[in-house]
Amino acid sequence: MNLNINFLRFWFSAVCGSFLIISGSFAQQIYLDDDFRDWETIPALHTDKSGDGGVSGIDFRSLKMSNSDEYLYIYLEVSKFINIQSSNSITMFLDTDNQSATGWNIYGIGAELSFNFGYREGGYYSGSSTVSVRHAAIGLVTAPTVTSDRFEIAIRRKFNVGGTETFLQNRIKIVFSNETVAGDRLPDNNEGIEYLFSDNGPDITLPYSIEKKDNRHVRLMAYNVERDNFFNLTVRDQYKRIFNAIQPDIIGFSEIYNNSSSATAALVENLLPSSGGRQWYHAGVSPDIRLVSRYPIVDTRAINGNGAFLLNMGSWQMVCIVTHLPCCENEISRQQEVDNIMAFIRDIRLGVSPFDVRQGTPVIITGDMNFVGFREQLQTMLTGDIANNSVYGPDFRPDWDESDLDDLSPFVTDAPFTYTWYNPAGSFSAGRLDYFIYTGSVLDIHNSFTLNTEVMQPEKRSAFGLLAGDTGPVSDHFPLVADFSLKGSISGNIDAIPSDNDSVFWSVYPNPSANRMIKVVLQNAPVHPPEIQILSTEGKSVQKYTFPKGSAELSINGENLIPGLYYFQLKSGKNIFKKAVYLN
C-alpha cells in the first residue's frame with residue numbers, strides 16, 4: 001500500500017509540475033564510485049528549469065536522493081564540468097526537521113545545516129547560534145574528485161556539531177543554490193524539495209577478502225606513506241599490523257624521500273620476514289618512488305620522477321609503473337607527466353620500449369595520481385588520448401586488444417565509497433587520489449579493496465589482528481590492494497594469452513620507420529601464407545598484403561601512407577594478431 005501511495009505522489013507531482021516531490025519508496029544502496037548506473041532506476045525528485053545559470057554558467061539540471069540506514073545520498077547534475085570541491089559557490093541548505101520555523105529561514109525552508117562545496121565549509125544553525133561546519137563533522141563524501149557535470153554526495157544521518165547530537169528527521173527539505181550574482185537555484189520557488197526517508201535502508205554488499213582467494217594470485221599494494229612516515233618508530237606497530245593483515249607480494253611506495261630502496265626493503269623484511277629461500281627485491285626512482293617485490297626486478301626506468309619497473313614473474317613478465325603525480329592545482333605538470341607515462345606505454349605497444357618485453361606483457365599503473373583537477377588527465381591515462389602530441393607523440397589505443405585501459409576503483413573496506421585519501425583536519429573531504437589502472441585484456445582481477453580500519457567491521461578487524469586506529473595515524477592515504485593473475489593462467493586457458501605473437505612468431509622492423517619501408521618476418525615459413533592488413537587507428541583497412549608462398553619475409557612500401565600510428569594485423573588460420581607500428 002505504501003508503495004502505491006508514493007508512486008501516486010510521484011506521478012501526481014510530475015504531471016502537475018510541482019516542485020514538491022515526496023520520496024519514500026525508491027531508496028536503495030548507493031555506491032560513490034564514479035559510476036552513476038545505480039541511480040538510473042531512481043526517479044528524479046526535481047528537474048530544474050534550463051537556461052537560468054547566469055554568468056557562472058552553472059545551470060542546475062536534476063536532483064535525485066536515496067538513503068541507507070547510515071547515509072543520505074544525493075545525485076546532483078549541472079550543465080557544465082566543474083570541480084565540486086573548488087572554484088564554485090554551490091551551496092546546499094538542509095532543513096533537517098522539515099520545520100521552517102527552526103534553523104535559518106532561507107529560500108522558504110528552515111535550514112539547520114548549510115554547506116558551500118567550493119569553499120568547503122558551512123554552518124549549523126540552532127536558535128540564535130551558528131557553529132562552523134567542515135566535512136568531517138557531517139561525514140561528507142563527494143565523488144568524483146575530478147571535474148564532472150554529475151556528482152554523488154553522501155552525508156551521515158546522525159552527526160555531532162559543536163557537541164550537539166543531530167539527526168536527520170524522517171522528513172527533510174533541501175535547496176541547492178549557486179550563491180553568486182544571478183546564480184541558479186534548485187528549486188526556483190521558495191519551497192524546497194521534500195524527501196521522506198525509507199525506514200528499511202539496504203545493506204552494504206562489498207564482496208572483498210582480506211585474504212587472497214587463491215595463493216596463485218599476485219597481490220599488489222600501492223601505498224603513499226606520507227613523507228617517510230613508514231620509518232617513524234611511533235607508528236611501527238600500526239604498520240606491522242597493516243602489512244601482516246594484507247601480506248602483499250609487490251609494494252609500490254610513494255613519498256619515501258629520505259630512505260633508499262634497500263632501507264625500505266629491509267624494513268619490509270622486518271615487518272614480513274622471508275622464509276623458504278624467498279627474499280624482498282627492491283628498486284627506486286628519485287625522488288620518492290620505491291618498489292619492493294617478491295619477484296625479481298629486471299629493469300627500472302624513470303618517467304618524470306615516476307618509476308617504471310620490469311618484473312620477472314616466472315613464466316611471464318610484467319611492467320609496473322608506480323606514480324606520484326604533481327599535487328593540487330598543478331594541472332599543466334600533471335598532464336605532462338601523464339602524457340609521458342602514456343608515451344612510455346605506447347613504446348611498449350610499438351615494441352621500441354627500453355624494456356625488452358614481448359607483445360601481450362601486462363602493464364599496471366598504480367600509485368598516487370593526485371587526480372583532483374581536470375578529468376582529461378584521467379581520460380588520457382585510460383584512453384591514450386595524449387594532450388600534447390607535438391612533444392609526446394600520437395594518440396594510441398593502450399591495451400593489447402585496442403581497447404582502453406581498465407580502472408579498478410576498489411571500495412573502502414565495508415563502506416560504499418572508493419576514496420583513497422582522507423584528512424579529517426583538512427578542508428578537503430575524502431577523495432580518490434590513488435588508482436589501479438591496467439591492461440584488462442591480459443590480466444584477471446580476483447579481489448580488491450582499500451583498507452580503512454576505522455570504518456571496517458569490528459569482527460573483520462579482529463580476525464586479522466587490526467585495530468580501528470591503525471590506518472589513520474600512519475598516513476593520509478590508505479593502502480590500495482588488488483589480487484590478479486595473468487589471464488588464463490589460473491583456469492588453464494593459456495591459448496587466450498597472446499604470448500607468442502611478438503619476436504617468437506613474427507616481427508616488424510624498423511619500428512618506427514623513417515622511410516616507411518617495412519619488413520615483416522615470420523619465424524618459419526607457414527604452409528598457408530598468412531595475410532597482413534595495415535589498419536588505421538580507427539580500425540579501417542588501408543592496405544592488404546599476402547606473404548609469397550613458402551616465404552617467411554614480406555617487404556611493404558608504405559610511402560603512400562601519411563605519417564602516424566598504424567596497426568599491422570596478421571591473420572594465420574584462425575589466429576589474428578596485431579602490432580602497433582609508427583611511420584615517421
# chains A, B, ... in the order shown; residues from 1 in each chain; ligands from 1

call {"tool": "residues_around", "arguments": {"residues": "Pro398 in chain A", "least_positions_apart": "2", "cutoff": "7 Å", "atoms": "only C-alpha atoms", "output": "PDB file with N, CA, C and O atoms, in the first residue's frame"}}
result
ATOM      1  N   ARG A 346      52.993   3.483 -24.956  1.00  0.00           N
ATOM      2  CA  ARG A 346      52.877   3.368 -26.413  1.00  0.00           C
ATOM      3  C   ARG A 346      54.130   2.729 -26.997  1.00  0.00           C
ATOM      4  O   ARG A 346      54.051   1.899 -27.913  1.00  0.00           O
ATOM      5  N   THR A 383      42.576   6.184 -21.991  1.00  0.00           N
ATOM      6  CA  THR A 383      42.279   6.053 -23.421  1.00  0.00           C
ATOM      7  C   THR A 383      43.476   6.238 -24.338  1.00  0.00           C
ATOM      8  O   THR A 383      43.386   5.935 -25.529  1.00  0.00           O
ATOM      9  N   GLY A 384      44.604   6.768 -23.816  1.00  0.00           N
ATOM     10  CA  GLY A 384      45.740   7.046 -24.681  1.00  0.00           C
ATOM     11  C   GLY A 384      45.583   8.309 -25.491  1.00  0.00           C
ATOM     12  O   GLY A 384      46.354   8.525 -26.440  1.00  0.00           O
ATOM     13  N   PHE A 396      47.001   6.763 -29.093  1.00  0.00           N
ATOM     14  CA  PHE A 396      47.019   5.333 -29.397  1.00  0.00           C
ATOM     15  C   PHE A 396      46.003   4.637 -28.506  1.00  0.00           C
ATOM     16  O   PHE A 396      45.479   5.227 -27.550  1.00  0.00           O
ATOM     17  N   TRP A 400      46.240  -4.154 -25.283  1.00  0.00           N
ATOM     18  CA  TRP A 400      46.700  -5.008 -26.380  1.00  0.00           C
ATOM     19  C   TRP A 400      45.590  -5.378 -27.353  1.00  0.00           C
ATOM     20  O   TRP A 400      45.854  -5.740 -28.499  1.00  0.00           O
ATOM     21  N   GLU A 402      43.371  -3.249 -28.412  1.00  0.00           N
ATOM     22  CA  GLU A 402      42.946  -1.961 -28.972  1.00  0.00           C
ATOM     23  C   GLU A 402      41.856  -1.281 -28.153  1.00  0.00           C
ATOM     24  O   GLU A 402      41.165  -0.386 -28.650  1.00  0.00           O
ATOM     25  N   SER A 403      41.677  -1.671 -26.922  1.00  0.00           N
ATOM     26  CA  SER A 403      40.666  -1.047 -26.065  1.00  0.00           C
ATOM     27  C   SER A 403      41.335  -0.084 -25.091  1.00  0.00           C
ATOM     28  O   SER A 403      42.565   0.067 -25.066  1.00  0.00           O
ATOM     29  N   ASP A 404      40.524   0.588 -24.259  1.00  0.00           N
ATOM     30  CA  ASP A 404      41.039   1.442 -23.204  1.00  0.00           C
ATOM     31  C   ASP A 404      41.611   0.581 -22.083  1.00  0.00           C
ATOM     32  O   ASP A 404      41.300  -0.612 -21.963  1.00  0.00           O
ATOM     33  N   LEU A 405      42.434   1.183 -21.252  1.00  0.00           N
ATOM     34  CA  LEU A 405      42.871   0.511 -20.039  1.00  0.00           C
ATOM     35  C   LEU A 405      41.708   0.445 -19.058  1.00  0.00           C
ATOM     36  O   LEU A 405      40.759   1.236 -19.129  1.00  0.00           O
TER      37      LEU A 405
END

call {"tool": "residues_around", "arguments": {"residues": "Arg301 in chain A", "least_positions_apart": "2", "cutoff": "12 Å", "atoms": "only C-alpha atoms", "output": "list in words"}}
result
Ala283, Gly284, Val285, Ser286, Ile289, Arg290, Leu291, Ile297, Val298, Asp299, Ile303, Asn304, Gly305, Asn306, Gly307, Ala308, Phe309, Leu310, Val319, Cys320, Ile321, Val322, Ile341, Phe344, Ser353, Pro354 and Phe355 of chain A

call {"tool": "write_last_selection", "arguments": {"atoms": "C-alpha atoms", "output": "PDB file, in the first residue's frame"}}
result
ATOM      1  CA  ALA A 283      64.458  -0.654  -6.727  1.00  0.00           C
ATOM      2  CA  GLY A 284      63.793   3.069  -6.581  1.00  0.00           C
ATOM      3  CA  VAL A 285      63.338   6.192  -8.696  1.00  0.00           C
ATOM      4  CA  SER A 286      64.167   9.656  -7.403  1.00  0.00           C
ATOM      5  CA  ILE A 289      59.226   6.106  -5.658  1.00  0.00           C
ATOM      6  CA  ARG A 290      60.251   2.740  -4.182  1.00  0.00           C
ATOM      7  CA  LEU A 291      59.264  -0.756  -5.307  1.00  0.00           C
ATOM      8  CA  ILE A 297      63.093  -6.576 -10.735  1.00  0.00           C
ATOM      9  CA  VAL A 298      64.727  -6.918 -14.157  1.00  0.00           C
ATOM     10  CA  ASP A 299      64.896  -3.262 -15.189  1.00  0.00           C
ATOM     11  CA  ILE A 303      59.452   8.838 -16.146  1.00  0.00           C
ATOM     12  CA  ASN A 304      59.383  12.395 -14.777  1.00  0.00           C
ATOM     13  CA  GLY A 305      60.014  11.105 -11.252  1.00  0.00           C
ATOM     14  CA  ASN A 306      57.573   8.226 -11.647  1.00  0.00           C
ATOM     15  CA  GLY A 307      59.016   4.728 -11.745  1.00  0.00           C
ATOM     16  CA  ALA A 308      58.617   2.034 -14.397  1.00  0.00           C
ATOM     17  CA  PHE A 309      59.721  -1.430 -13.274  1.00  0.00           C
ATOM     18  CA  LEU A 310      60.005  -4.640 -15.265  1.00  0.00           C
ATOM     19  CA  VAL A 319      55.527  -3.817 -16.299  1.00  0.00           C
ATOM     20  CA  CYS A 320      54.557  -1.976 -13.109  1.00  0.00           C
ATOM     21  CA  ILE A 321      54.533   1.836 -13.207  1.00  0.00           C
ATOM     22  CA  VAL A 322      54.390   3.464  -9.761  1.00  0.00           C
ATOM     23  CA  ILE A 341      53.734   7.829 -18.968  1.00  0.00           C
ATOM     24  CA  PHE A 344      56.187   5.081 -22.488  1.00  0.00           C
ATOM     25  CA  SER A 353      60.469   0.374 -25.319  1.00  0.00           C
ATOM     26  CA  PRO A 354      63.747   0.278 -23.380  1.00  0.00           C
ATOM     27  CA  PHE A 355      62.159  -2.721 -21.664  1.00  0.00           C
TER      28      PHE A 355
END

call {"tool": "closest_residue", "arguments": {"among": "A:Ile153, A:Met369, A:Ile256, A:Ala302", "to": "Ser66 in chain A", "atoms": "only C-alpha atoms"}}
result
A:Ile153

call {"tool": "select_by_dssp", "arguments": {"residues": "range 408-573 of chain A", "states": "strand (DSSP E)", "output": "JSON, numbers by chain"}}
result
{"A": [434, 435, 436, 437, 438, 443, 444, 445, 446, 447, 448, 449, 450, 480, 481, 482, 483, 484, 485, 486, 506, 507, 508, 509, 517, 518, 519, 520, 521, 522, 531, 532, 533, 534, 535, 541, 542, 543, 544, 545, 546, 553, 554, 555, 556, 557, 564, 565, 566, 567, 568, 569, 570, 571, 572]}

call {"tool": "atom_distance", "arguments": {"atom1": "CA of Phe197 in chain A", "atom2": "CA of Glu165 in chain A"}}
result
19.0 Å

call {"tool": "select_by_dssp", "arguments": {"residues": "range 203-312 of chain A", "states": "helix (DSSP H, G or I)", "output": "compact mmCIF listing (two decimals) with N, CA, C and O atoms, in the first residue's frame"}}
result
# COMPACT_ATOMS: atom_id res chain seq x y z
N ASN A 229 56.85 8.50 6.66
CA ASN A 229 56.27 8.08 7.94
C ASN A 229 56.36 6.57 8.13
O ASN A 229 56.21 6.07 9.24
N PHE A 230 56.64 5.85 7.05
CA PHE A 230 56.84 4.40 7.14
C PHE A 230 57.99 4.07 8.09
O PHE A 230 58.02 3.00 8.71
N PHE A 231 58.94 5.00 8.22
CA PHE A 231 60.12 4.77 9.07
C PHE A 231 59.97 5.39 10.46
O PHE A 231 60.93 5.38 11.25
N LEU A 233 59.18 5.38 14.12
CA LEU A 233 59.08 4.32 15.12
C LEU A 233 57.79 4.38 15.93
O LEU A 233 57.32 3.35 16.43
N THR A 234 57.19 5.56 16.05
CA THR A 234 55.99 5.69 16.87
C THR A 234 54.77 5.01 16.24
O THR A 234 53.78 4.76 16.93
N VAL A 235 54.84 4.72 14.92
CA VAL A 235 53.72 4.03 14.27
C VAL A 235 54.15 2.68 13.71
O VAL A 235 53.47 2.11 12.86
N ARG A 236 55.28 2.16 14.19
CA ARG A 236 55.78 0.88 13.70
C ARG A 236 54.79 -0.25 13.95
O ARG A 236 54.59 -1.13 13.10
N ASP A 237 54.15 -0.26 15.11
CA ASP A 237 53.18 -1.32 15.42
C ASP A 237 51.99 -1.29 14.47
O ASP A 237 51.48 -2.34 14.06
N GLN A 238 51.52 -0.08 14.14
CA GLN A 238 50.39 0.03 13.22
C GLN A 238 50.76 -0.52 11.85
O GLN A 238 50.00 -1.29 11.23
N TYR A 239 51.95 -0.15 11.37
CA TYR A 239 52.38 -0.66 10.07
C TYR A 239 52.55 -2.18 10.10
O TYR A 239 52.22 -2.87 9.13
N LYS A 240 53.04 -2.70 11.20
CA LYS A 240 53.24 -4.14 11.30
C LYS A 240 51.89 -4.86 11.21
O LYS A 240 51.76 -5.87 10.51
N ARG A 241 50.88 -4.34 11.88
CA ARG A 241 49.56 -4.98 11.81
C ARG A 241 48.97 -4.86 10.40
O ARG A 241 48.37 -5.81 9.89
N ILE A 242 49.14 -3.70 9.77
CA ILE A 242 48.61 -3.50 8.41
C ILE A 242 49.28 -4.46 7.43
O ILE A 242 48.61 -5.15 6.66
N PHE A 243 50.60 -4.54 7.45
CA PHE A 243 51.32 -5.37 6.50
C PHE A 243 51.06 -6.85 6.75
O PHE A 243 50.96 -7.64 5.80
N ASN A 244 50.95 -7.25 8.01
CA ASN A 244 50.68 -8.66 8.30
C ASN A 244 49.27 -9.05 7.91
O ASN A 244 49.02 -10.21 7.55
N ALA A 245 48.32 -8.12 7.97
CA ALA A 245 46.96 -8.41 7.53
C ALA A 245 46.89 -8.52 6.01
O ALA A 245 46.22 -9.41 5.47
N ILE A 246 47.59 -7.64 5.30
CA ILE A 246 47.49 -7.60 3.83
C ILE A 246 48.38 -8.64 3.16
O ILE A 246 47.99 -9.24 2.15
N SER A 261 65.81 2.51 -1.43
CA SER A 261 65.00 1.32 -1.67
C SER A 261 65.51 0.14 -0.85
O SER A 261 64.71 -0.70 -0.40
N SER A 262 66.84 0.05 -0.61
CA SER A 262 67.36 -1.04 0.21
C SER A 262 66.90 -0.90 1.66
O SER A 262 66.57 -1.91 2.31
N ALA A 263 66.88 0.34 2.18
CA ALA A 263 66.37 0.55 3.54
C ALA A 263 64.88 0.25 3.62
O ALA A 263 64.40 -0.30 4.62
N THR A 264 64.14 0.56 2.56
CA THR A 264 62.71 0.27 2.52
C THR A 264 62.48 -1.24 2.53
O THR A 264 61.64 -1.75 3.27
N ALA A 265 63.25 -1.96 1.71
CA ALA A 265 63.12 -3.42 1.67
C ALA A 265 63.51 -4.05 3.00
O ALA A 265 62.90 -5.03 3.44
N ALA A 266 64.52 -3.49 3.67
CA ALA A 266 64.93 -4.02 4.97
C ALA A 266 63.82 -3.86 6.00
O ALA A 266 63.60 -4.76 6.84
N LEU A 267 63.12 -2.73 5.95
CA LEU A 267 62.01 -2.53 6.88
C LEU A 267 60.85 -3.46 6.56
O LEU A 267 60.21 -4.01 7.46
N VAL A 268 60.57 -3.65 5.28
CA VAL A 268 59.53 -4.61 4.90
C VAL A 268 59.90 -6.01 5.38
O VAL A 268 59.06 -6.76 5.87
N GLU A 269 61.17 -6.36 5.26
CA GLU A 269 61.64 -7.66 5.75
C GLU A 269 61.41 -7.78 7.25
O GLU A 269 61.05 -8.85 7.76
N ASN A 270 61.61 -6.69 7.97
CA ASN A 270 61.37 -6.68 9.42
C ASN A 270 59.91 -6.91 9.74
O ASN A 270 59.57 -7.61 10.71
N LEU A 271 59.02 -6.32 8.92
CA LEU A 271 57.59 -6.47 9.15
C LEU A 271 57.07 -7.81 8.65
O LEU A 271 56.20 -8.43 9.29

call {"tool": "closest_residue", "arguments": {"among": "A:Gly314, A:Pro563, A:Gly558, A:Pro207", "to": "His446 in chain A", "atoms": "only C-alpha atoms"}}
result
A:Pro207

call {"tool": "closest_residue", "arguments": {"among": "A:Thr47, A:Gln28, A:Ser427, A:Gln359", "to": "Phe117 in chain A", "atoms": "only C-alpha atoms"}}
result
A:Ser427

call {"tool": "closest_residue", "arguments": {"among": "A:Tyr566, A:Phe253, A:Phe60, A:Tyr281", "to": "Asp434 in chain A", "atoms": "only C-alpha atoms"}}
result
A:Phe253

call {"tool": "atom_distance", "arguments": {"atom1": "CA of Lys213 in chain A", "atom2": "CA of Leu32 in chain A"}}
result
25.4 Å

call {"tool": "closest_atom_pairs", "arguments": {"of": "range 309-378 of chain A", "to": "range 468-484 of chain A", "cutoff": "10 Å", "atoms": "only C-alpha atoms", "output": "CSV"}}
result
residue,atom,partner,partner_atom,distance
A:Thr366,CA,A:Leu480,CA,8.9
A:Gly367,CA,A:Leu480,CA,8.3
A:Asp368,CA,A:His477,CA,8.7

call {"tool": "write_last_selection", "arguments": {"atoms": "all heavy atoms", "output": "compact mmCIF listing (two decimals), in the first residue's frame"}}
result
# COMPACT_ATOMS: atom_id res chain seq x y z
N THR A 366 49.94 2.23 -11.09
CA THR A 366 49.33 2.36 -9.77
C THR A 366 50.05 3.45 -8.99
O THR A 366 51.11 3.93 -9.38
CB THR A 366 49.39 1.01 -9.02
OG1 THR A 366 48.59 1.09 -7.84
CG2 THR A 366 50.82 0.64 -8.63
N GLY A 367 49.45 3.85 -7.87
CA GLY A 367 50.07 4.86 -7.02
C GLY A 367 49.22 6.09 -6.88
O GLY A 367 48.03 6.12 -7.23
N ASP A 368 49.85 7.14 -6.36
CA ASP A 368 49.18 8.41 -6.08
C ASP A 368 49.14 9.24 -7.35
O ASP A 368 50.14 9.83 -7.75
CB ASP A 368 49.92 9.14 -4.96
CG ASP A 368 49.26 10.44 -4.54
OD1 ASP A 368 48.21 10.78 -5.12
OD2 ASP A 368 49.79 11.11 -3.64

call {"tool": "residues_around", "arguments": {"residues": "Gln169 in chain A", "least_positions_apart": "3", "cutoff": "7 Å", "atoms": "only C-alpha atoms", "output": "ChimeraX atom specification"}}
result
/A:96-97,172

call {"tool": "residues_around", "arguments": {"residues": "Phe151 in chain A", "least_positions_apart": "2", "cutoff": "6 Å", "atoms": "only C-alpha atoms", "output": "PyMOL selection string"}}
result
chain A and resi 75-76+143

call {"tool": "write_last_selection", "arguments": {"atoms": "N, CA, C and O atoms", "output": "compact mmCIF listing (two decimals), in the first residue's frame"}}
result
# COMPACT_ATOMS: atom_id res chain seq x y z
N TYR A 75 22.19 12.89 -5.64
CA TYR A 75 22.71 12.97 -7.01
C TYR A 75 22.39 14.36 -7.53
O TYR A 75 21.22 14.78 -7.54
N LEU A 76 23.40 15.09 -7.97
CA LEU A 76 23.20 16.44 -8.49
C LEU A 76 23.83 16.54 -9.87
O LEU A 76 25.00 16.22 -10.04
N ALA A 143 31.85 12.62 -4.85
CA ALA A 143 32.53 11.94 -5.96
C ALA A 143 31.92 12.42 -7.27
O ALA A 143 30.74 12.74 -7.31

call {"tool": "closest_residue", "arguments": {"among": "A:Gly276, A:Gly539, A:Gly252, A:Pro529", "to": "Phe436 in chain A", "atoms": "only C-alpha atoms"}}
result
A:Gly252

call {"tool": "residues_around", "arguments": {"residues": "range 411-414 of chain A", "least_positions_apart": "2", "cutoff": "9 Å", "atoms": "only C-alpha atoms", "output": "PyMOL selection string"}}
result
chain A and resi 31+33+204-206+208+409+416-420+448-453+455-457+478+480

call {"tool": "write_last_selection", "arguments": {"atoms": "N, CA, C and O atoms", "output": "compact mmCIF listing (two decimals), in the first residue's frame"}}
result
# COMPACT_ATOMS: atom_id res chain seq x y z
N TYR A 31 26.47 3.59 -4.20
CA TYR A 31 27.92 3.48 -4.04
C TYR A 31 28.58 4.66 -4.74
O TYR A 31 28.39 4.85 -5.94
N ASP A 33 31.25 5.77 -6.51
CA ASP A 33 32.34 5.09 -7.19
C ASP A 33 32.59 5.63 -8.59
O ASP A 33 33.16 4.94 -9.44
N ILE A 204 24.94 -2.77 2.90
CA ILE A 204 26.09 -2.60 2.02
C ILE A 204 26.65 -3.98 1.69
O ILE A 204 26.91 -4.79 2.59
N THR A 205 26.82 -4.26 0.41
CA THR A 205 27.35 -5.55 -0.02
C THR A 205 28.64 -5.32 -0.79
O THR A 205 28.63 -4.82 -1.91
N LEU A 206 29.76 -5.65 -0.15
CA LEU A 206 31.08 -5.49 -0.76
C LEU A 206 31.84 -6.80 -0.61
O LEU A 206 32.39 -7.09 0.46
N TYR A 208 34.68 -8.22 -0.78
CA TYR A 208 36.14 -8.23 -0.79
C TYR A 208 36.65 -9.27 0.20
O TYR A 208 35.91 -9.76 1.06
N SER A 409 39.22 0.79 -9.37
CA SER A 409 38.38 1.53 -8.43
C SER A 409 37.92 0.68 -7.24
O SER A 409 36.72 0.45 -7.05
N PRO A 416 30.60 2.32 1.38
CA PRO A 416 30.17 2.43 -0.03
C PRO A 416 30.91 3.51 -0.81
O PRO A 416 30.32 4.25 -1.59
N PHE A 417 32.21 3.63 -0.59
CA PHE A 417 33.00 4.69 -1.20
C PHE A 417 34.27 4.12 -1.83
O PHE A 417 34.73 3.04 -1.46
N THR A 418 34.85 4.88 -2.76
CA THR A 418 36.12 4.48 -3.38
C THR A 418 37.22 5.51 -3.10
O THR A 418 38.23 5.54 -3.80
N TYR A 419 37.05 6.34 -2.09
CA TYR A 419 38.11 7.30 -1.76
C TYR A 419 39.35 6.55 -1.26
O TYR A 419 39.26 5.44 -0.72
N THR A 420 40.51 7.15 -1.47
CA THR A 420 41.77 6.55 -1.01
C THR A 420 42.56 7.50 -0.12
O THR A 420 43.61 7.13 0.40
N SER A 448 39.82 -6.96 -4.61
CA SER A 448 40.44 -5.65 -4.40
C SER A 448 39.76 -4.94 -3.24
O SER A 448 38.58 -5.18 -2.96
N PHE A 449 40.51 -4.05 -2.59
CA PHE A 449 39.94 -3.23 -1.52
C PHE A 449 40.90 -2.11 -1.17
O PHE A 449 42.09 -2.16 -1.50
N THR A 450 40.37 -1.09 -0.51
CA THR A 450 41.17 -0.02 0.10
C THR A 450 40.99 -0.13 1.60
O THR A 450 39.85 -0.07 2.09
N LEU A 451 42.08 -0.34 2.33
CA LEU A 451 41.98 -0.65 3.76
C LEU A 451 41.85 0.61 4.59
O LEU A 451 42.78 1.41 4.70
N ASN A 452 40.66 0.79 5.19
CA ASN A 452 40.41 1.84 6.18
C ASN A 452 39.91 1.13 7.43
O ASN A 452 38.75 0.71 7.50
N THR A 453 40.77 0.99 8.42
CA THR A 453 40.42 0.20 9.60
C THR A 453 39.34 0.86 10.45
O THR A 453 38.63 0.18 11.19
N VAL A 455 36.50 2.32 9.51
CA VAL A 455 35.14 2.01 9.07
C VAL A 455 34.93 0.51 8.86
O VAL A 455 33.82 0.08 8.55
N MET A 456 35.96 -0.26 9.04
CA MET A 456 35.88 -1.70 8.84
C MET A 456 35.05 -2.34 9.95
O MET A 456 35.06 -1.89 11.10
N GLN A 457 34.31 -3.38 9.62
CA GLN A 457 33.50 -4.07 10.63
C GLN A 457 34.40 -4.64 11.72
O GLN A 457 35.44 -5.25 11.42
N PHE A 478 45.28 5.65 2.18
CA PHE A 478 45.03 4.28 2.61
C PHE A 478 45.71 3.31 1.63
O PHE A 478 45.85 3.63 0.44
N LEU A 480 46.06 0.63 -1.06
CA LEU A 480 45.20 0.15 -2.15
C LEU A 480 45.69 -1.25 -2.53
O LEU A 480 46.88 -1.42 -2.81
